[in-house]
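To keep things clear, I will list the structure first and then write my remarks on it.
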Amino acid sequence: MARVAYVNRRFLPLPAARVHIEDRGFQFADGVYEVIPVQEGRLIEEAGHMDRLGRSLHELRMPWPTTRRVMALVMRELVRRNRLREGIIYLQVTRGSSPRDFRFPPDPAPTLVITARSQVLGPQRLVEDGVGVITIPDIRWKRRDIKSVSLLPQVLGKQRAAEAGAYEAWMVDEDGFVTEGTSSNAWIVNREGVLVTRQANHMILRGVTRQAVLRLLAEEGRGLEERPFTVDEAYQAREAFLTSSSNYVMPVTRIDDRSVGNGKPGSLVLKLRDLYVAYATGRTS
Ligand code: PMP
């Protein structure tokens with residue numbers, strides 16, 4: 001079945017969907033995006049993703065391309081037209097197309113592109129052994145809280161990870177503290193058994209999955225520390241994992257060339273994953 005995309009008020013077959021060559025997203029990465037997971041045809045954490053989109057737009061002084069309500073309807077229609085059961089919706093807004101000039105166009109007409117893709121979320125086959133990460137310097141700009149399409153450092157990082165046989169790269173700030181993965185948030189259970197993840201400020205993206213896991217932890221009465229952790233603390237951790245919309249909660253069992261704990265997914269990460277999957281699929285058992 002041909003995939004259907006939505007581009008500036010029109011549903012089109014993917015090969016026919018186009019944006020202008022002077023689109024500012026193409027020329028300046030002047031745009032923002034969201035990836036919304038779809039499970040059993042339902043959008044997971046839609047409100048969280050739309051809130052974050054609104055915040056990203058606001059921070060870049062970009063207008064909403066249409067109302068939230070229209071976006072919600074379009075996303076549902078795309079799920080329907082693509083017969084999507086499990087996968088992702090990709091939504092991108094740019095400052096539109098205009099003759100190339102760094103300054104904002106005087107009357108911006110944002111570009112809105114939404115696509116849908118079928119994909120296994122939080123693949124169970126990776127959970128049994130967990131995944132490996134490498135650590136790399138974080139060379140990004142200082143507003144990582146904005147979900148901008150300026151993703152070159154993440155592209156290079158993910159490629160380096162793939163070439164090293166790893167699943168993800170954890171980026172490390174100038175003081176030796178892990179910021180986050182190229183497309184996921186980073187967590188450890190340290191040697192003392194304390195669950196640690198970096199606080200969400202300008203230095204990392206406030207993951208929607210991260211927020212959901214924090215809520216689940218609070219419901220379980222499980223404490224944690226929101227603070228930076230070093231690569232060394234991660235090397236010595238009992239458990240490690242990453243969270244993202246497309247990975248859910250994924251055990252990390254290797255960091256660089258070292259095994260995490262006994263090299264198997266830890267008990268807390270597996271429990272959190274079960275809780276999250278139950279939540280995402282709407283099942284409670
Ligand atoms: N950090 C970065 C840099 C990301 O790109 C992503 C993926 N959007 C995440 C964290 C995880 O965010 P979420 O849980 O909202 O997918």
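Just remember, in the structure tokens the first chain shown is A, the second B, etc., residues are 1-based per chain, and ligands are 1-based in the order shown.
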Using only C-alpha atoms, which residues sit within 7 Å of Ile188 (chain A) once same-chain residues fewer than 5 positions away are excluded, as a VMD selection string?
chain A and resid 195 to 197 234 237 239 to 241
Test item: residues no farther than 8 Å from ligand 1, counting only C-alpha atoms and all ligand atoms, as an mmCIF file with N, CA and C atoms, in the first residue's frame:
data_model
loop_
_atom_site.group_PDB
_atom_site.id
_atom_site.type_symbol
_atom_site.label_atom_id
_atom_site.label_comp_id
_atom_site.auth_asym_id
_atom_site.auth_seq_id
_atom_site.Cartn_x
_atom_site.Cartn_y
_atom_site.Cartn_z
ATOM 1 N N GLU A 34 8.450 16.686 15.847
ATOM 2 C CA GLU A 34 8.041 15.752 16.893
ATOM 3 C C GLU A 34 7.931 14.368 16.278
ATOM 4 N N VAL A 35 8.182 13.363 17.067
ATOM 5 C CA VAL A 35 7.941 11.975 16.664
ATOM 6 C C VAL A 35 6.956 11.403 17.673
ATOM 7 N N ILE A 36 5.792 11.038 17.184
ATOM 8 C CA ILE A 36 4.744 10.576 18.106
ATOM 9 C C ILE A 36 4.507 9.087 17.879
ATOM 10 N N HIS A 49 3.489 15.545 23.465
ATOM 11 C CA HIS A 49 4.212 15.906 22.240
ATOM 12 C C HIS A 49 3.744 17.253 21.694
ATOM 13 N N ARG A 144 19.390 22.649 23.759
ATOM 14 C CA ARG A 144 19.000 21.280 23.388
ATOM 15 C C ARG A 144 17.591 20.944 23.833
ATOM 16 N N LYS A 147 13.325 21.158 20.251
ATOM 17 C CA LYS A 147 13.423 19.976 19.377
ATOM 18 C C LYS A 147 13.579 20.438 17.933
ATOM 19 N N GLN A 154 23.823 14.781 15.973
ATOM 20 C CA GLN A 154 23.178 13.495 16.266
ATOM 21 C C GLN A 154 23.344 12.511 15.105
ATOM 22 N N GLU A 180 22.853 13.160 27.148
ATOM 23 C CA GLU A 180 21.772 12.246 26.727
ATOM 24 C C GLU A 180 22.248 11.502 25.500
ATOM 25 N N GLY A 181 21.386 10.596 24.987
ATOM 26 C CA GLY A 181 21.702 9.907 23.747
ATOM 27 C C GLY A 181 21.395 10.801 22.556
ATOM 28 N N THR A 182 21.802 10.368 21.355
ATOM 29 C CA THR A 182 21.555 11.191 20.170
ATOM 30 C C THR A 182 20.060 11.336 19.907
ATOM 31 N N SER A 183 19.292 10.319 20.302
ATOM 32 C CA SER A 183 17.838 10.422 20.145
ATOM 33 C C SER A 183 17.111 9.758 21.307
ATOM 34 N N SER A 184 17.696 9.850 22.491
ATOM 35 C CA SER A 184 17.072 9.219 23.663
ATOM 36 C C SER A 184 17.638 9.840 24.929
ATOM 37 N N ASN A 185 16.953 9.652 26.027
ATOM 38 C CA ASN A 185 17.460 10.103 27.321
ATOM 39 C C ASN A 185 18.200 8.958 28.013
ATOM 40 N N ILE A 204 19.495 19.329 27.812
ATOM 41 C CA ILE A 204 18.970 18.106 27.182
ATOM 42 C C ILE A 204 17.532 18.344 26.705
ATOM 43 N N LEU A 205 17.074 17.393 25.902
ATOM 44 C CA LEU A 205 15.671 17.430 25.505
ATOM 45 C C LEU A 205 14.826 16.797 26.611
ATOM 46 N N ARG A 206 13.729 17.442 26.928
ATOM 47 C CA ARG A 206 12.811 16.873 27.936
ATOM 48 C C ARG A 206 11.982 15.789 27.253
ATOM 49 N N GLY A 207 12.467 14.563 27.303
ATOM 50 C CA GLY A 207 11.802 13.461 26.596
ATOM 51 C C GLY A 207 10.391 13.245 27.131
ATOM 52 N N VAL A 208 9.466 13.029 26.229
ATOM 53 C CA VAL A 208 8.094 12.746 26.655
ATOM 54 C C VAL A 208 8.056 11.377 27.353
ATOM 55 N N THR A 209 8.860 10.442 26.855
ATOM 56 C CA THR A 209 8.939 9.123 27.502
ATOM 57 C C THR A 209 9.579 9.260 28.884
ATOM 58 N N ARG A 210 10.609 10.098 28.961
ATOM 59 C CA ARG A 210 11.259 10.380 30.248
ATOM 60 C C ARG A 210 10.225 10.860 31.262
ATOM 61 N N GLN A 211 9.376 11.787 30.841
ATOM 62 C CA GLN A 211 8.368 12.335 31.747
ATOM 63 C C GLN A 211 7.368 11.248 32.176
ATOM 64 N N THR A 243 15.571 5.908 27.209
ATOM 65 C CA THR A 243 14.134 6.044 26.941
ATOM 66 C C THR A 243 13.927 6.951 25.725
ATOM 67 N N SER A 244 12.944 6.568 24.917
ATOM 68 C CA SER A 244 12.520 7.437 23.816
ATOM 69 C C SER A 244 11.190 6.922 23.292
ATOM 70 N N SER A 245 10.560 7.753 22.478
ATOM 71 C CA SER A 245 9.253 7.391 21.939
ATOM 72 C C SER A 245 9.304 6.092 21.148
ATOM 73 N N SER A 246 10.374 5.878 20.397
ATOM 74 C CA SER A 246 10.404 4.670 19.564
ATOM 75 C C SER A 246 11.085 3.486 20.248
ATOM 76 N N TYR A 248 10.791 3.069 23.761
ATOM 77 C CA TYR A 248 10.199 2.892 25.081
ATOM 78 C C TYR A 248 11.318 2.947 26.130
#
Which of region 29-255 of chain A counts as alpha helix (DSSP H) under DSSP, as a ChimeraX atom specification please?
/A:46-59,68-81,124-127,152-163,208-220,231-235
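Reported to one decimal place, the separation of CA of Leu272 (chain A) from CA of Ala218 (chain A) is 11.6 Å.
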Which residues are near region 103-115 of chain A? Cut-off 10 Å, only C-alpha atoms, ignore same chain within fewer than 3 positions. Put them as number ranges by chain.
A: 3-11, 14, 17-20, 23-25, 30-31, 33-35, 61-66, 71, 74-75, 78-79, 82, 88-100
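Distance-wise, CA of Arg238 (chain A) and CA of Gly261 (chain A) end up 4.4 Å apart.
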